[in-house]
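Novice: The file below is model-v3.txt, compact mmCIF, C-alpha atoms:
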# COMPACT_ATOMS: atom_id res chain seq x y z
CA MET G 82 0.78 -36.86 -15.47
CA LYS G 83 0.73 -34.17 -12.78
CA LYS G 84 2.14 -35.01 -9.37
CA TYR G 85 -0.29 -33.84 -6.71
CA LYS G 86 0.62 -33.45 -3.07
CA ILE G 87 -2.68 -32.55 -1.38
CA LEU G 88 -5.87 -34.47 -2.09
CA ILE G 89 -9.08 -32.79 -0.93
CA PHE G 90 -11.92 -35.29 -0.60
CA ASP G 91 -15.56 -34.39 -0.22
CA LEU G 92 -17.33 -36.60 2.34
CA ASP G 93 -21.03 -37.23 1.72
CA ASP G 94 -21.70 -39.26 -1.42
CA THR G 95 -17.97 -39.34 -2.14
CA LEU G 96 -16.59 -41.41 0.74
CA ILE G 97 -19.92 -42.13 2.42
CA ASP G 98 -23.26 -43.22 0.96
CA ASN G 99 -25.32 -40.45 2.47
CA HIS G 100 -28.82 -41.59 1.47
CA GLU G 101 -29.18 -44.49 3.90
CA SER G 102 -27.59 -42.51 6.73
CA VAL G 103 -30.04 -39.67 6.19
CA ARG G 104 -33.03 -42.03 6.02
CA VAL G 105 -32.25 -43.61 9.39
CA ALA G 106 -31.41 -40.26 11.03
CA PHE G 107 -34.58 -38.64 9.70
CA GLU G 108 -36.73 -41.52 10.96
CA THR G 109 -35.08 -41.18 14.38
CA MET G 110 -35.91 -37.48 14.46
CA LEU G 111 -39.54 -38.12 13.53
CA THR G 112 -39.85 -40.77 16.25
CA ALA G 113 -38.73 -38.15 18.78
CA VAL G 114 -41.81 -36.05 17.96
CA GLY G 115 -44.18 -39.02 17.70
CA GLU G 116 -44.45 -39.03 13.92
CA THR G 117 -44.30 -42.07 11.66
CA TYR G 118 -41.82 -42.28 8.80
CA SER G 119 -42.74 -42.35 5.12
CA ASN G 120 -40.75 -42.05 1.91
CA GLU G 121 -42.81 -38.99 1.01
CA LYS G 122 -41.72 -37.26 4.22
CA LEU G 123 -38.10 -38.16 3.54
CA ASP G 124 -38.37 -36.72 0.02
CA ARG G 125 -39.71 -33.49 1.49
CA TRP G 126 -36.85 -33.35 4.02
CA TYR G 127 -34.34 -33.89 1.22
CA ARG G 128 -35.85 -31.04 -0.82
CA ILE G 129 -35.84 -28.65 2.14
CA ASP G 130 -32.31 -29.63 3.14
CA ALA G 131 -30.93 -29.33 -0.40
CA ASP G 132 -32.69 -25.99 -0.98
CA PHE G 133 -31.42 -24.58 2.31
CA TRP G 134 -27.78 -25.50 1.70
CA SER G 135 -27.96 -24.31 -1.90
CA LYS G 136 -29.23 -20.91 -0.74
CA TYR G 137 -26.63 -20.86 2.02
CA GLN G 138 -23.83 -21.54 -0.49
CA ASP G 139 -25.12 -18.69 -2.65
CA GLY G 140 -25.17 -16.28 0.29
CA LEU G 141 -28.97 -16.01 0.32
CA ILE G 142 -29.37 -17.05 3.95
CA LYS G 143 -28.97 -14.01 6.18
CA ILE G 144 -27.47 -14.82 9.56
CA PRO G 145 -28.70 -12.70 12.49
CA PRO G 146 -25.87 -10.64 14.03
CA GLU G 147 -26.19 -12.44 17.38
CA PHE G 148 -25.25 -15.70 15.64
CA ALA G 149 -22.39 -14.24 13.64
CA HIS G 150 -19.43 -16.51 13.05
CA GLU G 151 -15.79 -15.52 13.33
CA THR G 152 -13.95 -17.00 10.36
CA ALA G 153 -11.75 -20.03 11.14
CA ARG G 154 -13.18 -20.38 14.65
CA LYS G 155 -15.99 -22.77 15.40
CA SER G 156 -19.07 -21.15 16.92
CA ASP G 157 -21.63 -23.37 18.63
CA LYS G 158 -24.23 -20.59 18.47
CA PHE G 159 -23.64 -20.23 14.75
CA LEU G 160 -23.87 -23.98 14.19
CA ASP G 161 -27.03 -24.35 16.28
CA TRP G 162 -28.75 -21.55 14.41
CA VAL G 163 -27.80 -22.78 10.94
CA CYS G 164 -28.80 -26.40 11.56
CA SER G 165 -32.04 -25.55 13.33
CA GLN G 166 -33.33 -23.58 10.33
CA ARG G 167 -33.95 -26.75 8.29
CA VAL G 168 -35.81 -28.33 11.19
CA LEU G 169 -37.98 -25.25 11.70
CA GLN G 170 -38.80 -25.17 8.00
CA TYR G 171 -39.66 -28.88 7.85
CA PHE G 172 -42.01 -28.64 10.86
CA GLU G 173 -43.39 -25.36 9.52
CA ASN G 174 -42.38 -23.51 12.70
CA LYS G 175 -44.64 -25.73 14.86
CA VAL G 176 -41.66 -26.27 17.15
CA ASP G 177 -39.75 -23.47 18.84
CA ASP G 178 -36.08 -22.63 18.29
CA GLU G 179 -34.89 -24.57 21.34
CA ARG G 180 -36.77 -27.70 20.33
CA ALA G 181 -35.50 -27.36 16.77
CA ILE G 182 -31.93 -27.41 18.08
CA GLU G 183 -32.72 -30.50 20.20
CA LEU G 184 -34.24 -32.30 17.21
CA ASN G 185 -31.27 -31.39 15.05
CA ASP G 186 -28.95 -32.84 17.73
CA ILE G 187 -30.97 -36.08 17.62
CA TYR G 188 -30.71 -36.12 13.84
CA ILE G 189 -26.97 -35.42 13.80
CA SER G 190 -26.25 -38.07 16.46
CA ALA G 191 -28.17 -40.69 14.48
CA LEU G 192 -26.42 -39.57 11.31
CA ALA G 193 -23.06 -40.23 12.94
CA GLU G 194 -23.93 -43.78 13.97
CA ASN G 195 -25.50 -45.05 10.74
CA VAL G 196 -22.74 -44.80 8.20
CA VAL G 197 -22.29 -46.75 4.97
CA ALA G 198 -19.04 -46.45 3.03
CA ILE G 199 -18.93 -45.89 -0.71
CA GLU G 200 -17.57 -49.02 -2.35
CA GLY G 201 -13.80 -48.81 -2.63
CA ALA G 202 -13.41 -45.86 -0.23
CA ARG G 203 -11.30 -47.61 2.38
CA ASP G 204 -9.08 -49.47 -0.07
CA THR G 205 -8.51 -46.32 -2.12
CA LEU G 206 -7.54 -44.12 0.83
CA LYS G 207 -5.35 -46.88 2.24
CA TYR G 208 -3.55 -47.14 -1.09
CA LEU G 209 -3.09 -43.36 -1.39
CA ALA G 210 -1.86 -43.05 2.20
CA SER G 211 0.64 -45.87 1.66
CA GLU G 212 2.29 -43.85 -1.10
CA ASN G 213 3.56 -41.41 1.55
CA VAL G 214 3.38 -38.50 -0.89
CA TYR G 215 -0.14 -37.20 -0.29
CA LYS G 216 -1.77 -35.18 2.44
CA ILE G 217 -5.40 -36.30 2.49
CA ILE G 218 -7.90 -33.67 3.59
CA VAL G 219 -11.62 -34.23 4.07
CA ALA G 220 -13.49 -31.00 3.29
CA THR G 221 -17.23 -31.02 3.87
CA ASN G 222 -20.15 -28.64 4.04
CA GLY G 223 -21.63 -30.92 6.69
CA PRO G 224 -21.25 -30.44 10.47
CA SER G 225 -17.80 -31.15 11.92
CA LEU G 226 -19.23 -32.85 15.02
CA VAL G 227 -19.98 -36.12 13.22
CA VAL G 228 -17.11 -36.32 10.73
CA PRO G 229 -14.48 -38.05 12.92
CA ARG G 230 -16.99 -40.72 13.94
CA LYS G 231 -18.06 -41.27 10.33
CA LEU G 232 -14.47 -41.71 9.20
CA GLU G 233 -13.81 -44.07 12.09
CA ILE G 234 -16.80 -46.26 11.21
CA ILE G 235 -15.75 -46.67 7.57
CA GLY G 236 -12.17 -47.36 8.64
CA VAL G 237 -10.29 -44.45 7.07
CA SER G 238 -9.47 -42.20 10.05
CA SER G 239 -5.79 -43.13 10.09
CA TYR G 240 -5.39 -42.13 6.44
CA VAL G 241 -6.79 -38.60 6.83
CA THR G 242 -4.42 -35.72 7.58
CA GLU G 243 -7.04 -33.12 8.47
CA ILE G 244 -10.79 -32.49 8.55
CA LEU G 245 -12.22 -29.12 7.53
CA ALA G 246 -15.95 -28.47 7.81
CA ALA G 247 -18.17 -25.52 7.03
CA ASP G 248 -19.13 -24.84 10.65
CA MET G 249 -15.44 -24.68 11.64
CA LEU G 250 -14.75 -21.95 9.10
CA GLY G 251 -18.08 -20.18 8.81
CA LEU G 252 -17.78 -20.85 5.08
CA VAL G 253 -19.02 -23.44 2.61
CA LYS G 254 -17.83 -24.77 -0.71
CA PRO G 255 -17.88 -23.39 -3.39
CA HIS G 256 -16.94 -20.09 -1.69
CA THR G 257 -13.31 -19.32 -2.48
CA GLU G 258 -12.65 -18.36 1.14
CA PHE G 259 -12.98 -22.04 2.05
CA PHE G 260 -9.87 -22.71 -0.03
CA ASP G 261 -8.15 -19.66 1.43
CA ALA G 262 -8.53 -21.27 4.85
CA ILE G 263 -6.90 -24.45 3.53
CA LYS G 264 -4.05 -22.50 1.94
CA LYS G 265 -3.28 -20.80 5.26
CA ARG G 266 -2.67 -24.23 6.75
CA TYR G 267 -0.52 -25.39 3.84
CA ASN G 268 1.18 -22.21 2.75
CA ASP G 269 4.25 -23.99 1.33
CA PHE G 270 2.20 -25.57 -1.46
CA LEU G 271 1.16 -24.25 -4.86
CA ASN G 272 -2.32 -24.48 -6.40
CA SER G 273 -0.90 -27.06 -8.83
CA ASP G 274 -0.24 -29.36 -5.85
CA TYR G 275 -3.97 -29.73 -5.09
CA LEU G 276 -6.63 -32.08 -6.45
CA MET G 277 -10.28 -31.77 -5.38
CA ILE G 278 -12.27 -35.05 -5.46
CA GLY G 279 -16.03 -35.00 -5.06
CA ASN G 280 -19.44 -35.90 -6.43
CA SER G 281 -20.94 -32.42 -6.74
CA LEU G 282 -20.43 -30.36 -9.87
CA LYS G 283 -21.25 -27.15 -8.03
CA SER G 284 -19.65 -27.68 -4.62
CA ASP G 285 -16.61 -29.68 -5.72
CA VAL G 286 -15.82 -29.20 -9.41
CA GLY G 287 -17.13 -25.63 -9.43
CA PHE G 288 -15.24 -24.90 -6.24
CA ALA G 289 -11.99 -26.19 -7.77
CA MET G 290 -12.51 -24.12 -10.90
CA LYS G 291 -13.11 -20.95 -8.87
CA VAL G 292 -9.93 -21.31 -6.84
CA GLY G 293 -7.76 -22.54 -9.70
CA ILE G 294 -7.02 -26.13 -8.78
CA ASP G 295 -7.60 -29.43 -10.60
CA SER G 296 -10.63 -31.56 -9.89
CA CYS G 297 -11.83 -35.13 -10.19
CA TRP G 298 -15.60 -35.52 -10.57
CA PHE G 299 -16.82 -38.71 -8.92
CA ASN G 300 -19.78 -39.34 -11.21
CA ARG G 301 -21.06 -42.52 -9.56
CA LYS G 302 -24.63 -41.88 -10.71
CA LYS G 303 -23.60 -41.30 -14.32
CA GLU G 304 -25.04 -37.81 -14.50
CA LYS G 305 -24.72 -35.56 -17.53
CA LEU G 306 -21.83 -33.11 -17.52
CA THR G 307 -23.00 -29.58 -18.28
CA LEU G 308 -20.99 -27.01 -20.23
CA GLU G 309 -20.65 -24.87 -17.10
CA TYR G 310 -18.18 -27.28 -15.53
CA ALA G 311 -14.88 -28.74 -16.71
CA PRO G 312 -13.43 -31.35 -14.33
CA THR G 313 -9.83 -32.38 -14.95
CA PHE G 314 -10.78 -36.05 -14.49
CA VAL G 315 -14.04 -38.00 -14.35
CA ILE G 316 -14.39 -41.34 -12.55
CA GLN G 317 -17.32 -43.61 -11.74
CA ASP G 318 -15.50 -45.75 -9.16
CA LEU G 319 -13.17 -44.40 -6.47
CA ARG G 320 -10.70 -47.16 -7.22
CA GLN G 321 -10.05 -45.49 -10.57
CA LEU G 322 -8.04 -42.89 -8.63
CA LYS G 323 -5.26 -45.46 -8.46
CA THR G 324 -4.76 -45.06 -12.21
CA ILE G 325 -4.75 -41.26 -11.97
CA LEU G 326 -2.53 -40.78 -8.94
Mind turning this structure into structure tokens?
Specialist:
Amino acid sequence: MKKYKILIFDLDDTLIDNHESVRVAFETMLTAVGETYSNEKLDRWYRIDADFWSKYQDGLIKIPPEFAHETARKSDKFLDWVCSQRVLQYFENKVDDERAIELNDIYISALAENVVAIEGARDTLKYLASENVYKIIVATNGPSLVVPRKLEIIGVSSYVTEILAADMLGLVKPHTEFFDAIKKRYNDFLNSDYLMIGNSLKSDVGFAMKVGIDSCWFNRKKEKLTLEYAPTFVIQDLRQLKTIL
């Protein structure tokens, strides 16, 4: 059994049940513009959101020069522009850029206050932290603004060594530069010291494969593993990490 030293956890749908948080936040955003909520509208928001971030990960979203992001330094202008694009697309450009940013702020604030933990998340991180051998990093493609509050609500803040988010780095998983930014912070460690833990084959398992580290696929929904990906471990319950680590 390999002895890891740095555990990189994804956040949404790995430590946090993102669906209910998104539902409440989306309804709050609609209320702000006088619209009523429906499951059909939420499904549409999910599709737009997923499509946007997928294109962003693949480098298909072109960022205007005036919103350029300096790697490893958070840019509020960059973050505002990126997040507002989903809002503009959902409302079919019937709101202006400034209003889109305001609505995104409403959405993000609601997202931070309505947080449901994945079963076993707190107990698992508490157990891993008690071993005193692991650095626990939370690495997310979501906005950094809400992450500390989310971790606080589910009771795991004290177990987390560091938070790294896409808007802090100007990069998203599975881009290899995201891992480069981590390595700069922990330059005394080898790739064999890392384990990536997450629910996404593309953003987590694929990311780990690209950068040459081991991965644990959290397959809570019992999805089919495709030939494109080869996780080192597969679990369906976070508490199974106790038998791996």
Novice: Separation of atom CA of Tyr275 of chain G and atom CA of Thr313 of chain G, in Å?
Specialist: 11.8 Å
Novice: In Å to one decimal, how far is atom CA of Val168 of chain G from atom CA of Leu123 of chain G?
Specialist: 12.7 Å
Novice: Kindly indicate which residue among G:Asp161, G:Gly223, G:Ala198, G:Tyr240 lies nearest to Asp130 of chain G, using all atoms listed in the file for the distances.
Specialist: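 Between G:Asp161, G:Gly223, G:Ala198, G:Tyr240, the residue approaching Asp130 of chain G most closely is G:Gly223.
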Novice: I'd like the neighbourhood of segment 108-115 of chain G as a VMD selection string, where a residue qualifies if any of its atoms comes within 10 Å (using only C-alpha atoms), though same-chain residues fewer than 4 positions away should be ignored.
Specialist: chain G and resid 103 to 104 119 to 120 122 to 123 168 176 183 to 192
Novice: Using all atoms listed in the file, find the one residue out of G:Phe314, G:Tyr137, G:Phe299, G:Phe107 that sits nearest to Ala202 of chain G.
Specialist: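 Looking at the shortest contact to Ala202 of chain G, the residue is G:Phe299.
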Novice: Which one of G:Phe90, G:Phe259, G:Asn268, G:Lys84 sits closest to Trp298 of chain G if you count all atoms listed in the file?
Specialist: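 So, comparing all the options, the nearest one is G:Phe90.
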Novice: Can you pull out the residues contacting Gly201 of chain G? Cut-off 12 Å, using only C-alpha atoms, and skip same-chain residues under 5 positions away; I want them as a ChimeraX atom specification.
Specialist: /G:95-98,206-208,235-237,301,317-323
Novice: Using all atoms listed in the file, pick whichever of G:Gln170, G:Thr307, G:Asn222, G:Asn213 has the shortest atom-to-atom distance to Trp126 of chain G.
Specialist: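 Using all atoms listed in the file, the shortest distance to Trp126 of chain G belongs to G:Gln170.
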Novice: Please indicate the distance in Å from atom CA of Phe288 of chain G to atom CA of Glu194 of chain G, rounded to one decimal place.
Specialist: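 Answer for the atom CA of Phe288 of chain G to atom CA of Glu194 of chain G separation: 29.0 Å.
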Novice: Quick one: everything within 9 Å of His256 of chain G, counting all atoms listed in the file, minus sequence neighbours fewer than 6 positions away in the same chain. Send it as a PyMOL selection string.
Specialist: chain G and resi 138-139+284+288+291-292
Novice: Counting all atoms listed in the file, find the residues whose atoms lie at most 6 Å from (-16.5, -36.4, -3.0) (file coordinates) and write them out as a PyMOL selection string.
Specialist: chain G and resi 90-92+95+278-280
